[in-house]
Amino acid sequence: MAPLKTHHFATIDDTSVHYFESGAPNLPTVLLLHGFPSSSTQYRNFAPLLAEKYHIVAPDLPGFGLTKTPTGYVFTFHNLAKTISGLLQLLKITKYAVYIFDYGAPVGLRLALESPDSVRAIISQNGNAYEEGLDPAFWEPVKKLWRSENSREARDWLRDNYLTLAATEMQYTVGFPKEDLKLVDPSQWNLDFTQNQEGRANQERQIDLFYDYRTNLYLYPEVHAYFREKQPPVLAIWGKGDPIFVPPGAEAFKKDLKHAQVRFVDAGHFALETKCEEVAEAVLKFLEGVNFH
């Protein structure tokens with residue numbers, strides 16, 4: 001019988017953070033950080049495959065899922081990381097491996113910079129840390145927002161083109177083998193859209209994060225220095241068909257990490273939708289060699 005999944009809410013600086021747990025608390029912890037435009041639900045099938053051997057914690061980042069932020073919360077990646085750091089402190093989790101995907105990467109990497117000895121290993125599943133990983137076609141409209149210093153015109157373009165149901169479906173379908181598309185649950189991209197993007201308030205916070213994503217690139221030199229100095233164990237396992245974070249971003253980990261493991265699965269951005277078991281098997285094998293003490 002698979003370990004139970006339990007749901008919880010914790011208050012961190014007036015933010016109500018929803019997270020789920022699975023696996024015994026005395027086991028080594030694996031923190032699962034989701035990406036845009038999803039929530040912890042993206043790990044609904046993945047977490048049970050790890051929970052026999054690991055204590056899983058999967059929060060909804062501020063602005064996503066069931067996490068509720070107070071009026072005036074400023075949506076930056078610094079603040080997202082601060083909120084998740086507060087959750088870890090509340091749960092008294094001091095040593096853990098972190099699984100970073102999409103927006104989970106700049107959050108998780110900030111946690112590693114804040115407390116390098118706490119992060120015992122990093123699994124990057126299309127979680128970017130190098131400019132080589134940014135697909136030019138997808139990112140050009142976001143970079144236009146940066147260059148325009150957050151102009152209304154650039155914000156409206158992203159609202160009308162990236163914060164749509166069709167654009168959300170694209171993230172779940174482009175780059176996957178045609179025969180695998182029947183494995184992808186359409187309810188996921190519909191939930192991601194209605195819960196995290198639909199409506200003016202959702203749109204504004206998402207565009208705020210698009211604008212703030214530029215700060216992640218500013219942080220890359222510090223991240224790379226951390227990699228070179230600390231040499232944390234890293235597994236980069238990417239969907240090779242991702243149209244947003246492309247394969248050179250996975251290969252780039254080898255530049256700074258002597259023992260980085262890099263591999264690809266035949267999938268797109270949300271690789272766990274079709275390659276959940278394959279990724280879980282690789283993660284479990286990788287974690288066997290991690291010292292959590």
# chains A, B, ... in the order shown; residues from 1 in each chain; ligands from 1
>>> select_by_dssp(residues="stretch 38-204 of chain A", states="strand (DSSP E)", output="ChimeraX atom specification")
/A:55-59,96-100,119-124
>>> write_last_selection(atoms="C-alpha atoms", output="PDB file, in the first residue's frame")
ATOM      1  CA  HIS A  55       9.566  12.145   2.952  1.00  0.00           C
ATOM      2  CA  ILE A  56       7.962  14.268   0.243  1.00  0.00           C
ATOM      3  CA  VAL A  57       7.006  17.913   0.718  1.00  0.00           C
ATOM      4  CA  ALA A  58       5.325  19.655  -2.231  1.00  0.00           C
ATOM      5  CA  PRO A  59       4.126  23.249  -1.699  1.00  0.00           C
ATOM      6  CA  TYR A  96      16.870  17.900   1.964  1.00  0.00           C
ATOM      7  CA  ALA A  97      17.147  17.217  -1.744  1.00  0.00           C
ATOM      8  CA  VAL A  98      15.262  19.596  -4.008  1.00  0.00           C
ATOM      9  CA  TYR A  99      13.513  18.790  -7.284  1.00  0.00           C
ATOM     10  CA  ILE A 100      13.356  21.932  -9.389  1.00  0.00           C
ATOM     11  CA  VAL A 119      20.535  21.319   0.062  1.00  0.00           C
ATOM     12  CA  ARG A 120      22.070  17.868  -0.173  1.00  0.00           C
ATOM     13  CA  ALA A 121      21.264  17.302  -3.850  1.00  0.00           C
ATOM     14  CA  ILE A 122      19.484  18.947  -6.775  1.00  0.00           C
ATOM     15  CA  ILE A 123      17.317  17.238  -9.369  1.00  0.00           C
ATOM     16  CA  SER A 124      16.642  19.580 -12.275  1.00  0.00           C
TER      17      SER A 124
END
>>> residues_around(residues="stretch 275-280 of chain A", least_positions_apart="2", cutoff="10 Å", atoms="only C-alpha atoms", output="NGL selection string")
:A and (43 or 45-50 or 125 or 180 or 183 or 237-239 or 263-268 or 270-273 or 282-286)
>>> write_last_selection(atoms="N, CA, C and O atoms", output="CSV table (one decimal), in the first residue's frame")
chain,number,residue,atom,x,y,z
A,43,TYR,N,2.7,17.0,-9.3
A,43,TYR,CA,3.5,15.9,-8.7
A,43,TYR,C,2.5,14.8,-8.2
A,43,TYR,O,2.9,13.9,-7.4
A,45,ASN,N,1.2,12.2,-9.5
A,45,ASN,CA,1.5,10.8,-9.8
A,45,ASN,C,3.0,10.5,-9.5
A,45,ASN,O,3.3,9.3,-9.3
A,46,PHE,N,3.8,11.5,-9.3
A,46,PHE,CA,5.2,11.3,-9.1
A,46,PHE,C,5.6,11.0,-7.7
A,46,PHE,O,6.3,10.1,-7.3
A,47,ALA,N,5.0,11.8,-6.8
A,47,ALA,CA,5.3,11.7,-5.3
A,47,ALA,C,5.1,10.3,-4.8
A,47,ALA,O,5.9,9.8,-4.0
A,48,PRO,N,4.0,9.6,-5.1
A,48,PRO,CA,3.9,8.2,-4.6
A,48,PRO,C,5.0,7.3,-5.0
A,48,PRO,O,5.2,6.3,-4.2
A,49,LEU,N,5.7,7.5,-6.1
A,49,LEU,CA,6.7,6.7,-6.5
A,49,LEU,C,8.0,6.9,-5.7
A,49,LEU,O,8.9,6.0,-5.7
A,50,LEU,N,8.1,8.0,-5.0
A,50,LEU,CA,9.3,8.3,-4.2
A,50,LEU,C,9.0,8.0,-2.7
A,50,LEU,O,9.9,7.9,-1.9
A,125,GLN,N,14.6,19.1,-13.4
A,125,GLN,CA,13.8,18.5,-14.5
A,125,GLN,C,13.3,19.8,-15.3
A,125,GLN,O,12.3,20.4,-14.9
A,180,ASP,N,2.2,9.5,-27.5
A,180,ASP,CA,2.1,9.7,-26.0
A,180,ASP,C,1.1,10.7,-25.6
A,180,ASP,O,0.8,10.8,-24.4
A,183,LEU,N,-1.7,10.1,-23.1
A,183,LEU,CA,-1.4,9.9,-21.7
A,183,LEU,C,-1.5,11.2,-20.9
A,183,LEU,O,-1.5,11.2,-19.7
A,237,ILE,N,17.6,16.0,-15.6
A,237,ILE,CA,16.8,15.0,-16.4
A,237,ILE,C,15.7,15.8,-17.1
A,237,ILE,O,14.7,16.3,-16.4
A,238,TRP,N,15.8,16.0,-18.3
A,238,TRP,CA,15.0,17.0,-19.1
A,238,TRP,C,14.2,16.3,-20.2
A,238,TRP,O,14.6,15.4,-20.8
A,239,GLY,N,12.9,16.8,-20.3
A,239,GLY,CA,12.2,16.5,-21.5
A,239,GLY,C,12.9,17.1,-22.7
A,239,GLY,O,13.0,18.3,-22.8
A,263,ARG,N,20.7,13.6,-18.5
A,263,ARG,CA,20.0,12.6,-19.3
A,263,ARG,C,18.7,13.3,-19.8
A,263,ARG,O,18.2,14.2,-19.2
A,264,PHE,N,18.1,12.7,-20.9
A,264,PHE,CA,16.9,13.2,-21.5
A,264,PHE,C,15.9,12.1,-21.6
A,264,PHE,O,16.2,10.9,-21.8
A,265,VAL,N,14.6,12.5,-21.5
A,265,VAL,CA,13.5,11.6,-21.8
A,265,VAL,C,12.7,12.2,-23.0
A,265,VAL,O,12.8,13.4,-23.3
A,266,ASP,N,12.0,11.3,-23.7
A,266,ASP,CA,11.3,11.7,-24.9
A,266,ASP,C,10.0,12.3,-24.5
A,266,ASP,O,9.0,11.7,-24.5
A,267,ALA,N,10.0,13.6,-24.2
A,267,ALA,CA,8.9,14.3,-23.7
A,267,ALA,C,9.1,15.8,-23.9
A,267,ALA,O,10.2,16.2,-24.3
A,268,GLY,N,8.0,16.6,-23.6
A,268,GLY,CA,8.1,18.0,-23.7
A,268,GLY,C,8.3,18.6,-22.3
A,268,GLY,O,9.1,18.1,-21.5
A,270,PHE,N,6.2,19.4,-19.5
A,270,PHE,CA,5.7,18.7,-18.4
A,270,PHE,C,6.0,17.2,-18.6
A,270,PHE,O,5.1,16.4,-18.8
A,271,ALA,N,7.2,16.8,-18.5
A,271,ALA,CA,7.7,15.5,-18.8
A,271,ALA,C,7.0,14.4,-17.9
A,271,ALA,O,6.9,13.3,-18.3
A,272,LEU,N,6.7,14.8,-16.7
A,272,LEU,CA,6.1,13.8,-15.8
A,272,LEU,C,4.8,13.3,-16.2
A,272,LEU,O,4.3,12.2,-15.8
A,273,GLU,N,4.1,14.0,-17.1
A,273,GLU,CA,2.8,13.6,-17.6
A,273,GLU,C,2.9,12.3,-18.4
A,273,GLU,O,1.9,11.5,-18.4
A,282,ALA,N,15.0,7.1,-12.3
A,282,ALA,CA,16.3,7.7,-12.4
A,282,ALA,C,16.6,8.5,-11.1
A,282,ALA,O,17.7,8.5,-10.6
A,283,VAL,N,15.6,9.2,-10.6
A,283,VAL,CA,15.7,10.0,-9.4
A,283,VAL,C,16.0,9.1,-8.2
A,283,VAL,O,16.9,9.4,-7.4
A,284,LEU,N,15.3,8.0,-8.1
A,284,LEU,CA,15.6,7.0,-7.0
A,284,LEU,C,17.0,6.5,-7.0
A,284,LEU,O,17.7,6.4,-6.0
A,285,LYS,N,17.5,6.1,-8.2
A,285,LYS,CA,18.8,5.6,-8.3
A,285,LYS,C,19.8,6.7,-8.0
A,285,LYS,O,20.8,6.5,-7.3
A,286,PHE,N,19.6,8.0,-8.4
A,286,PHE,CA,20.5,9.1,-8.1
A,286,PHE,C,20.5,9.3,-6.6
A,286,PHE,O,21.6,9.5,-6.0
>>> closest_residue(among="A:Asn161, A:Thr194, A:Asn216, A:Thr274", to="A:Pro177", atoms="only C-alpha atoms")
A:Thr274
>>> residues_around(residues="stretch 127-133 of chain A", least_positions_apart="5", cutoff="7 Å", atoms="only C-alpha atoms", output="ChimeraX atom specification")
/A:100-102,104-105,220,245-249,252
>>> closest_residue(among="A:Glu229, A:Glu169, A:Asp60, A:Glu179", to="A:Ala10", atoms="only C-alpha atoms")
A:Asp60
>>> residues_around(residues="stretch 207-211 of chain A", least_positions_apart="5", cutoff="7 Å", atoms="only C-alpha atoms", output="NGL selection string")
:A and (75-76 or 142 or 145-146 or 150 or 155)
>>> closest_residue(among="A:Leu32, A:Val174, A:Leu165, A:Leu181", to="A:His269", atoms="only C-alpha atoms")
A:Val174
>>> residues_around(residues="A:Ser39", least_positions_apart="6", cutoff="9 Å", atoms="only C-alpha atoms", output="ChimeraX atom specification")
/A:33,58-61,64-66,192,196
>>> write_last_selection(atoms="N, CA and C atoms", output="compact mmCIF listing (two decimals), in the first residue's frame")
# COMPACT_ATOMS: atom_id res chain seq x y z
N LEU A 33 9.39 21.30 -6.08
CA LEU A 33 8.99 22.67 -6.41
C LEU A 33 8.45 22.71 -7.83
N ALA A 58 5.60 18.99 -0.96
CA ALA A 58 5.33 19.66 -2.23
C ALA A 58 4.41 20.85 -2.00
N PRO A 59 4.96 22.06 -1.94
CA PRO A 59 4.13 23.25 -1.70
C PRO A 59 3.60 23.86 -3.00
N ASP A 60 2.53 24.62 -2.85
CA ASP A 60 2.08 25.52 -3.92
C ASP A 60 2.81 26.85 -3.71
N LEU A 61 3.55 27.29 -4.70
CA LEU A 61 4.22 28.58 -4.59
C LEU A 61 3.20 29.71 -4.49
N PHE A 64 0.02 30.52 -6.90
CA PHE A 64 -0.36 29.28 -7.57
C PHE A 64 -1.14 28.38 -6.62
N GLY A 65 -1.96 27.52 -7.22
CA GLY A 65 -2.64 26.50 -6.45
C GLY A 65 -3.52 27.08 -5.37
N LEU A 66 -3.44 26.49 -4.17
CA LEU A 66 -4.28 26.88 -3.05
C LEU A 66 -3.59 27.80 -2.06
N ASP A 192 -4.74 24.44 -14.50
CA ASP A 192 -3.68 25.45 -14.46
C ASP A 192 -4.18 26.80 -14.94
N ASN A 196 -4.82 29.51 -11.97
CA ASN A 196 -3.62 30.32 -11.83
C ASN A 196 -3.47 31.46 -12.83
>>> closest_residue(among="A:Ala112, A:Ala201, A:Leu80, A:Ala166", to="A:Trp189", atoms="only C-alpha atoms")
A:Ala166
>>> closest_residue(among="A:Pro116, A:Lys5, A:Val107, A:Gln203", to="A:Phe77", atoms="only C-alpha atoms")
A:Val107
>>> residues_around(residues="A:Phe227", least_positions_apart="6", cutoff="10 Å", atoms="only C-alpha atoms", output="ChimeraX atom specification")
/A:112-113,116,221,233-234,253-258
>>> write_last_selection(atoms="C-alpha atoms", output="PDB file, in the first residue's frame")
ATOM      1  CA  ALA A 112      20.627  26.671  -2.002  1.00  0.00           C
ATOM      2  CA  LEU A 113      22.442  30.008  -2.035  1.00  0.00           C
ATOM      3  CA  PRO A 116      24.173  25.606   0.839  1.00  0.00           C
ATOM      4  CA  PRO A 221      26.935  33.977 -11.926  1.00  0.00           C
ATOM      5  CA  PRO A 233      25.208  16.314  -6.521  1.00  0.00           C
ATOM      6  CA  VAL A 234      23.059  17.238  -9.534  1.00  0.00           C
ATOM      7  CA  PHE A 253      25.387  22.010 -15.828  1.00  0.00           C
ATOM      8  CA  LYS A 254      28.520  20.097 -16.845  1.00  0.00           C
ATOM      9  CA  LYS A 255      30.438  23.368 -17.189  1.00  0.00           C
ATOM     10  CA  ASP A 256      30.533  23.950 -13.438  1.00  0.00           C
ATOM     11  CA  LEU A 257      29.747  20.553 -11.904  1.00  0.00           C
ATOM     12  CA  LYS A 258      32.366  17.838 -12.313  1.00  0.00           C
TER      13      LYS A 258
END
>>> select_by_dssp(residues="stretch 190-276 of chain A", states="alpha helix (DSSP H)", output="ChimeraX atom specification")
/A:190-196,200-212,214-230,248-251,272-276
>>> atom_distance(atom1="atom CA of A:Ala24", atom2="atom CA of A:Met1")
13.4 Å
>>> decode(residues="stretch 93-129 of chain A", atoms="N, CA and C atoms", output="short mmCIF file (atom, residue, chain, number, x, y, z; two decimals), in the first residue's frame")
data_model
loop_
_atom_site.label_atom_id
_atom_site.label_comp_id
_atom_site.auth_asym_id
_atom_site.auth_seq_id
_atom_site.Cartn_x
_atom_site.Cartn_y
_atom_site.Cartn_z
N ILE A 93 12.82 21.44 8.68
CA ILE A 93 13.54 20.67 7.66
C ILE A 93 14.86 21.39 7.39
N THR A 94 15.96 20.77 7.78
CA THR A 94 17.27 21.41 7.68
C THR A 94 18.17 20.78 6.64
N LYS A 95 17.83 19.58 6.20
CA LYS A 95 18.61 18.90 5.16
C LYS A 95 17.63 18.21 4.21
N TYR A 96 17.83 18.44 2.92
CA TYR A 96 16.87 17.90 1.96
C TYR A 96 17.47 17.92 0.56
N ALA A 97 16.90 17.12 -0.30
CA ALA A 97 17.15 17.22 -1.74
C ALA A 97 16.01 18.02 -2.34
N VAL A 98 16.30 18.77 -3.39
CA VAL A 98 15.26 19.60 -4.01
C VAL A 98 15.12 19.24 -5.48
N TYR A 99 13.87 19.07 -5.89
CA TYR A 99 13.51 18.79 -7.28
C TYR A 99 12.99 20.09 -7.86
N ILE A 100 13.71 20.62 -8.85
CA ILE A 100 13.36 21.93 -9.39
C ILE A 100 12.88 21.80 -10.84
N PHE A 101 11.75 22.43 -11.10
CA PHE A 101 11.16 22.43 -12.42
C PHE A 101 10.69 23.84 -12.74
N ASP A 102 11.09 24.36 -13.93
CA ASP A 102 10.57 25.64 -14.38
C ASP A 102 10.75 26.71 -13.30
N TYR A 103 9.67 27.37 -12.82
CA TYR A 103 9.80 28.40 -11.78
C TYR A 103 10.37 27.83 -10.48
N GLY A 104 10.25 26.55 -10.27
CA GLY A 104 10.85 25.95 -9.08
C GLY A 104 12.35 26.08 -9.05
N ALA A 105 12.97 26.25 -10.25
CA ALA A 105 14.43 26.36 -10.30
C ALA A 105 14.93 27.64 -9.64
N PRO A 106 14.47 28.83 -10.03
CA PRO A 106 14.98 30.02 -9.34
C PRO A 106 14.61 30.08 -7.87
N VAL A 107 13.51 29.43 -7.48
CA VAL A 107 13.18 29.36 -6.06
C VAL A 107 14.15 28.43 -5.34
N GLY A 108 14.31 27.22 -5.87
CA GLY A 108 15.18 26.24 -5.24
C GLY A 108 16.63 26.66 -5.21
N LEU A 109 17.10 27.32 -6.27
CA LEU A 109 18.49 27.75 -6.30
C LEU A 109 18.74 28.89 -5.32
N ARG A 110 17.74 29.73 -5.10
CA ARG A 110 17.88 30.75 -4.06
C ARG A 110 17.97 30.10 -2.67
N LEU A 111 17.21 29.04 -2.46
CA LEU A 111 17.30 28.33 -1.19
C LEU A 111 18.70 27.76 -1.00
N ALA A 112 19.28 27.24 -2.08
CA ALA A 112 20.63 26.67 -2.00
C ALA A 112 21.67 27.75 -1.71
N LEU A 113 21.50 28.92 -2.31
CA LEU A 113 22.44 30.01 -2.03
C LEU A 113 22.31 30.49 -0.59
N GLU A 114 21.08 30.49 -0.09
CA GLU A 114 20.83 30.94 1.28
C GLU A 114 21.41 29.97 2.30
N SER A 115 21.30 28.67 2.01
CA SER A 115 21.76 27.66 2.97
C SER A 115 22.35 26.48 2.20
N PRO A 116 23.58 26.63 1.70
CA PRO A 116 24.17 25.61 0.84
C PRO A 116 24.28 24.23 1.49
N ASP A 117 24.52 24.20 2.77
CA ASP A 117 24.69 22.90 3.44
C ASP A 117 23.37 22.19 3.66
N SER A 118 22.26 22.90 3.54
CA SER A 118 20.96 22.27 3.71
C SER A 118 20.55 21.47 2.48
N VAL A 119 20.93 21.97 1.32
CA VAL A 119 20.54 21.32 0.06
C VAL A 119 21.55 20.23 -0.26
N ARG A 120 21.14 18.99 -0.04
CA ARG A 120 22.07 17.87 -0.17
C ARG A 120 22.19 17.37 -1.61
N ALA A 121 21.22 17.70 -2.44
CA ALA A 121 21.26 17.30 -3.85
C ALA A 121 20.20 18.09 -4.60
N ILE A 122 20.41 18.23 -5.91
CA ILE A 122 19.48 18.95 -6.77
C ILE A 122 19.11 18.05 -7.95
N ILE A 123 17.81 17.89 -8.15
CA ILE A 123 17.32 17.24 -9.37
C ILE A 123 16.67 18.33 -10.20
N SER A 124 17.20 18.58 -11.38
CA SER A 124 16.64 19.58 -12.27
C SER A 124 15.90 18.88 -13.39
N GLN A 125 14.58 19.05 -13.41
CA GLN A 125 13.78 18.55 -14.52
C GLN A 125 13.27 19.76 -15.28
N ASN A 126 14.00 20.10 -16.34
CA ASN A 126 13.71 21.31 -17.09
C ASN A 126 13.65 22.52 -16.16
N GLY A 127 14.59 22.53 -15.23
CA GLY A 127 14.75 23.64 -14.30
C GLY A 127 16.04 24.37 -14.65
N ASN A 128 15.93 25.57 -15.15
CA ASN A 128 17.05 26.22 -15.82
C ASN A 128 17.97 26.98 -14.87
N ALA A 129 19.27 26.97 -15.22
CA ALA A 129 20.27 27.73 -14.46
C ALA A 129 21.30 28.38 -15.38
#
